[in-house]
Amino acid sequence: MEWDQKEMPFTEHLRELRQRLFICVGTVFGIGILALWPAQQLIPIIARTYFPGTTLNAFGPADAVWAIFKFAIYIAIVIGLPVILYQVWMFVVPAIHPKTRQAVYIYVAPSILLAAAGIAFAHYVVIKRVIGGLMFITGTIAQATFGIESTINLVLLLFLAFALIFQTPVIMVLLARIGLINSGMLRTYRKYIGFGMLVVGAVLAPDGSPITMMLLAGPMYVLFESSIWIIVLLEKSWKRSAETP
């Protein structure tokens with residue numbers, strides 16, 4: 001199969017980049033406008049779900065407006081992600097070998113499913129425990145008064161963090177497919193990677209507790225180990241495929 005890489009002038013690249021950025025920003029902005037009303041309705045639901053009996057406060061005239069706006073932007077990015085990824089992909093695809101393009105297409109669906117699994121894990125396992133730990137620590141030294149903007153940001157960031165953490169298998173398998181890593185390398189550096197995940201969990205744990213640290217680092221390591229075994233199995237088929245004329 002002939003590689004259809006094409007040379008383009010630098011100014012043409014800039015023109016194309018500007019056009020695709022315009023489409024991405026326009027998509028997010030348009031969906032964000034439509035999401036303002038749903039975001040306004042969802043914020044009280046989030047407050048009741050994760051902060052029962054707690055009143056969210058606005059410490060400035062624009063706090064509630066900013067919280068709604070940021071929530072709408074999060075919704076717009078999630079809904080508009082296929083358009084964003086498509087535009088990014090169409091910009092870089094001419095410089096990528098066809099075999100690598102096929103690999104990316106194959107891993108799109110698992111990526112979406114893993115993101116949904118990460119959000120579900122955050123909802124059912126992580127967020128309430130993290131918030132409970134934070135409220136316990138706060139209660140020992142101060143009277144808890146929660147601002148709407150910072151409170152909603154915390155919940156949305158935890159959702160986003162776990163949606164990204166659960167992308168580990170897709171990212172590792174894709175890197176292995178294009179030859180940047182392999183199962184032998186991952187096994188060699190397994191203990192160092194595991195220690196690094198513990199450090200990341202400790203840094204990201206908002207309440208600094210060992211339980212929250214493990215809730216963050218644990219899924220990363222389980223997904224990392226699962227990825228090694230997936231790569232081991234796939235490497236055999238990749239080898240056979242490479243040997244087939």
# chains A, B, ... in the order shown; residues from 1 in each chain; ligands from 1

call {"tool": "residues_around", "arguments": {"residues": "Gln87 of chain A", "least_positions_apart": "4", "cutoff": "10 Å", "atoms": "only C-alpha atoms", "output": "PyMOL selection string"}}
result
chain A and resi 17+19-21+23-24+81-83+91-93

call {"tool": "select_by_dssp", "arguments": {"residues": "segment 13-221 of chain A", "states": "strand (DSSP E)", "output": "VMD selection string"}}
result
chain A and resid 56 to 57 146 to 147

call {"tool": "residues_around", "arguments": {"residues": "Ala205 of chain A", "least_positions_apart": "2", "cutoff": "12 Å", "atoms": "only C-alpha atoms", "output": "PyMOL selection string"}}
result
chain A and resi 126-127+129-131+133-134+154+157-158+161+197-203+207-217

call {"tool": "write_last_selection", "arguments": {"atoms": "C-alpha atoms", "output": "mmCIF file, in the first residue's frame"}}
result
data_model
loop_
_atom_site.group_PDB
_atom_site.id
_atom_site.type_symbol
_atom_site.label_atom_id
_atom_site.label_comp_id
_atom_site.auth_asym_id
_atom_site.auth_seq_id
_atom_site.Cartn_x
_atom_site.Cartn_y
_atom_site.Cartn_z
ATOM 1 C CA VAL A 126 -14.220 7.967 44.459
ATOM 2 C CA ILE A 127 -16.008 11.301 44.684
ATOM 3 C CA ARG A 129 -15.117 9.298 49.664
ATOM 4 C CA VAL A 130 -12.867 12.175 48.644
ATOM 5 C CA ILE A 131 -15.468 14.772 49.568
ATOM 6 C CA GLY A 133 -12.453 13.092 53.737
ATOM 7 C CA LEU A 134 -12.156 16.744 52.799
ATOM 8 C CA LEU A 154 -13.667 19.889 42.237
ATOM 9 C CA LEU A 157 -12.061 17.776 37.713
ATOM 10 C CA LEU A 158 -12.399 14.394 39.446
ATOM 11 C CA ALA A 161 -9.225 12.897 35.886
ATOM 12 C CA MET A 197 1.799 6.045 40.099
ATOM 13 C CA LEU A 198 1.844 6.097 43.907
ATOM 14 C CA VAL A 199 3.613 9.462 43.812
ATOM 15 C CA VAL A 200 1.055 10.804 41.318
ATOM 16 C CA GLY A 201 -1.786 9.510 43.514
ATOM 17 C CA ALA A 202 -0.268 11.205 46.572
ATOM 18 C CA VAL A 203 0.138 14.502 44.732
ATOM 19 C CA ASP A 207 -7.402 15.376 51.100
ATOM 20 C CA GLY A 208 -3.919 13.850 51.338
ATOM 21 C CA SER A 209 -5.224 10.608 52.862
ATOM 22 C CA PRO A 210 -3.720 7.187 52.022
ATOM 23 C CA ILE A 211 -7.211 5.904 51.092
ATOM 24 C CA THR A 212 -7.715 8.602 48.469
ATOM 25 C CA MET A 213 -4.157 8.105 47.234
ATOM 26 C CA MET A 214 -4.876 4.399 46.663
ATOM 27 C CA LEU A 215 -8.213 5.185 45.005
ATOM 28 C CA LEU A 216 -6.262 7.249 42.484
ATOM 29 C CA ALA A 217 -3.139 5.094 42.105
#

call {"tool": "residues_around", "arguments": {"residues": "segment 41-51 of chain A", "least_positions_apart": "6", "cutoff": "9 Å", "atoms": "only C-alpha atoms", "output": "PDB file with C-alpha atoms, in the first residue's frame"}}
result
ATOM      1  CA  ALA A  67     -19.988  27.906  37.649  1.00  0.00           C
ATOM      2  CA  ILE A  68     -22.801  27.466  35.114  1.00  0.00           C
ATOM      3  CA  PHE A  71     -20.093  23.368  33.559  1.00  0.00           C
ATOM      4  CA  ILE A 127     -16.008  11.301  44.684  1.00  0.00           C
ATOM      5  CA  LYS A 128     -18.111  10.723  47.791  1.00  0.00           C
ATOM      6  CA  ILE A 131     -15.468  14.772  49.568  1.00  0.00           C
ATOM      7  CA  GLY A 132     -16.152  12.994  52.873  1.00  0.00           C
ATOM      8  CA  ILE A 148     -20.371  27.138  44.309  1.00  0.00           C
ATOM      9  CA  THR A 151     -17.079  23.083  44.703  1.00  0.00           C
ATOM     10  CA  ILE A 152     -18.406  22.305  41.220  1.00  0.00           C
ATOM     11  CA  VAL A 155     -16.363  17.427  41.144  1.00  0.00           C
TER      12      VAL A 155
END

call {"tool": "atom_distance", "arguments": {"atom1": "atom CA of Gly32 of chain A", "atom2": "atom CA of Ile165 of chain A"}}
result
24.8 Å

call {"tool": "closest_residue", "arguments": {"among": "A:Phe59, A:Trp238, A:Trp66, A:Tyr124", "to": "Gly179 of chain A", "atoms": "only C-alpha atoms"}}
result
A:Trp238

call {"tool": "residues_around", "arguments": {"residues": "Ile77 of chain A", "least_positions_apart": "4", "cutoff": "9 Å", "atoms": "only C-alpha atoms", "output": "number ranges by chain"}}
result
A: 27-28, 31-32, 72-73, 81, 84

call {"tool": "residues_around", "arguments": {"residues": "Ile181 of chain A", "least_positions_apart": "4", "cutoff": "12 Å", "atoms": "only C-alpha atoms", "output": "list of chain:residue names"}}
result
A:Ile171, A:Met172, A:Val173, A:Leu174, A:Leu175, A:Ala176, A:Arg177, A:Met185, A:Leu186, A:Arg187, A:Thr188, A:Tyr189, A:Ser227, A:Ile228, A:Ile231, A:Val232, A:Glu235

call {"tool": "write_last_selection", "arguments": {"atoms": "N, CA and C atoms", "output": "compact mmCIF listing (two decimals), in the first residue's frame"}}
result
# COMPACT_ATOMS: atom_id res chain seq x y z
N ILE A 171 -3.98 4.09 25.33
CA ILE A 171 -2.76 4.83 25.04
C ILE A 171 -1.56 3.89 24.95
N MET A 172 -1.46 2.96 25.91
CA MET A 172 -0.32 2.04 25.92
C MET A 172 -0.35 1.08 24.73
N VAL A 173 -1.51 0.57 24.40
CA VAL A 173 -1.60 -0.33 23.25
C VAL A 173 -1.28 0.40 21.96
N LEU A 174 -1.74 1.63 21.83
CA LEU A 174 -1.44 2.41 20.63
C LEU A 174 0.05 2.70 20.53
N LEU A 175 0.69 3.06 21.66
CA LEU A 175 2.14 3.31 21.66
C LEU A 175 2.91 2.04 21.30
N ALA A 176 2.41 0.90 21.79
CA ALA A 176 3.04 -0.37 21.45
C ALA A 176 2.85 -0.69 19.97
N ARG A 177 1.68 -0.36 19.44
CA ARG A 177 1.38 -0.66 18.03
C ARG A 177 2.29 0.11 17.08
N MET A 185 9.80 -4.04 27.72
CA MET A 185 10.19 -2.78 28.34
C MET A 185 9.30 -2.47 29.55
N LEU A 186 8.00 -2.67 29.40
CA LEU A 186 7.06 -2.38 30.48
C LEU A 186 7.30 -3.28 31.68
N ARG A 187 7.62 -4.55 31.42
CA ARG A 187 7.90 -5.48 32.51
C ARG A 187 9.19 -5.09 33.24
N THR A 188 10.19 -4.64 32.48
CA THR A 188 11.46 -4.26 33.08
C THR A 188 11.29 -3.09 34.05
N TYR A 189 10.50 -2.12 33.65
CA TYR A 189 10.34 -0.90 34.45
C TYR A 189 9.05 -0.90 35.27
N SER A 227 -2.86 -3.67 30.68
CA SER A 227 -2.34 -3.25 29.38
C SER A 227 -1.15 -4.11 28.96
N ILE A 228 -0.30 -4.49 29.92
CA ILE A 228 0.86 -5.33 29.60
C ILE A 228 0.39 -6.64 28.99
N ILE A 231 -1.02 -6.18 25.54
CA ILE A 231 0.05 -5.97 24.57
C ILE A 231 0.76 -7.29 24.25
N VAL A 232 0.98 -8.14 25.27
CA VAL A 232 1.61 -9.44 25.04
C VAL A 232 0.81 -10.25 24.03
N GLU A 235 0.96 -8.49 20.50
CA GLU A 235 2.26 -8.53 19.82
C GLU A 235 2.40 -9.77 18.94

call {"tool": "select_by_dssp", "arguments": {"residues": "segment 27-229 of chain A", "states": "helix (DSSP H, G or I)", "output": "VMD selection string"}}
result
chain A and resid 27 to 50 63 to 95 98 to 141 148 to 165 168 to 177 183 to 188 190 to 204 210 to 229

call {"tool": "atom_distance", "arguments": {"atom1": "atom CA of Leu56 of chain A", "atom2": "atom CA of Tyr74 of chain A"}}
result
19.8 Å

call {"tool": "closest_residue", "arguments": {"among": "A:Met220, A:Ile178, A:Val170, A:Leu14", "to": "Phe195 of chain A", "atoms": "only C-alpha atoms"}}
result
A:Met220

call {"tool": "atom_distance", "arguments": {"atom1": "atom CA of Ile141 of chain A", "atom2": "atom CA of Leu204 of chain A"}}
result
21.8 Å
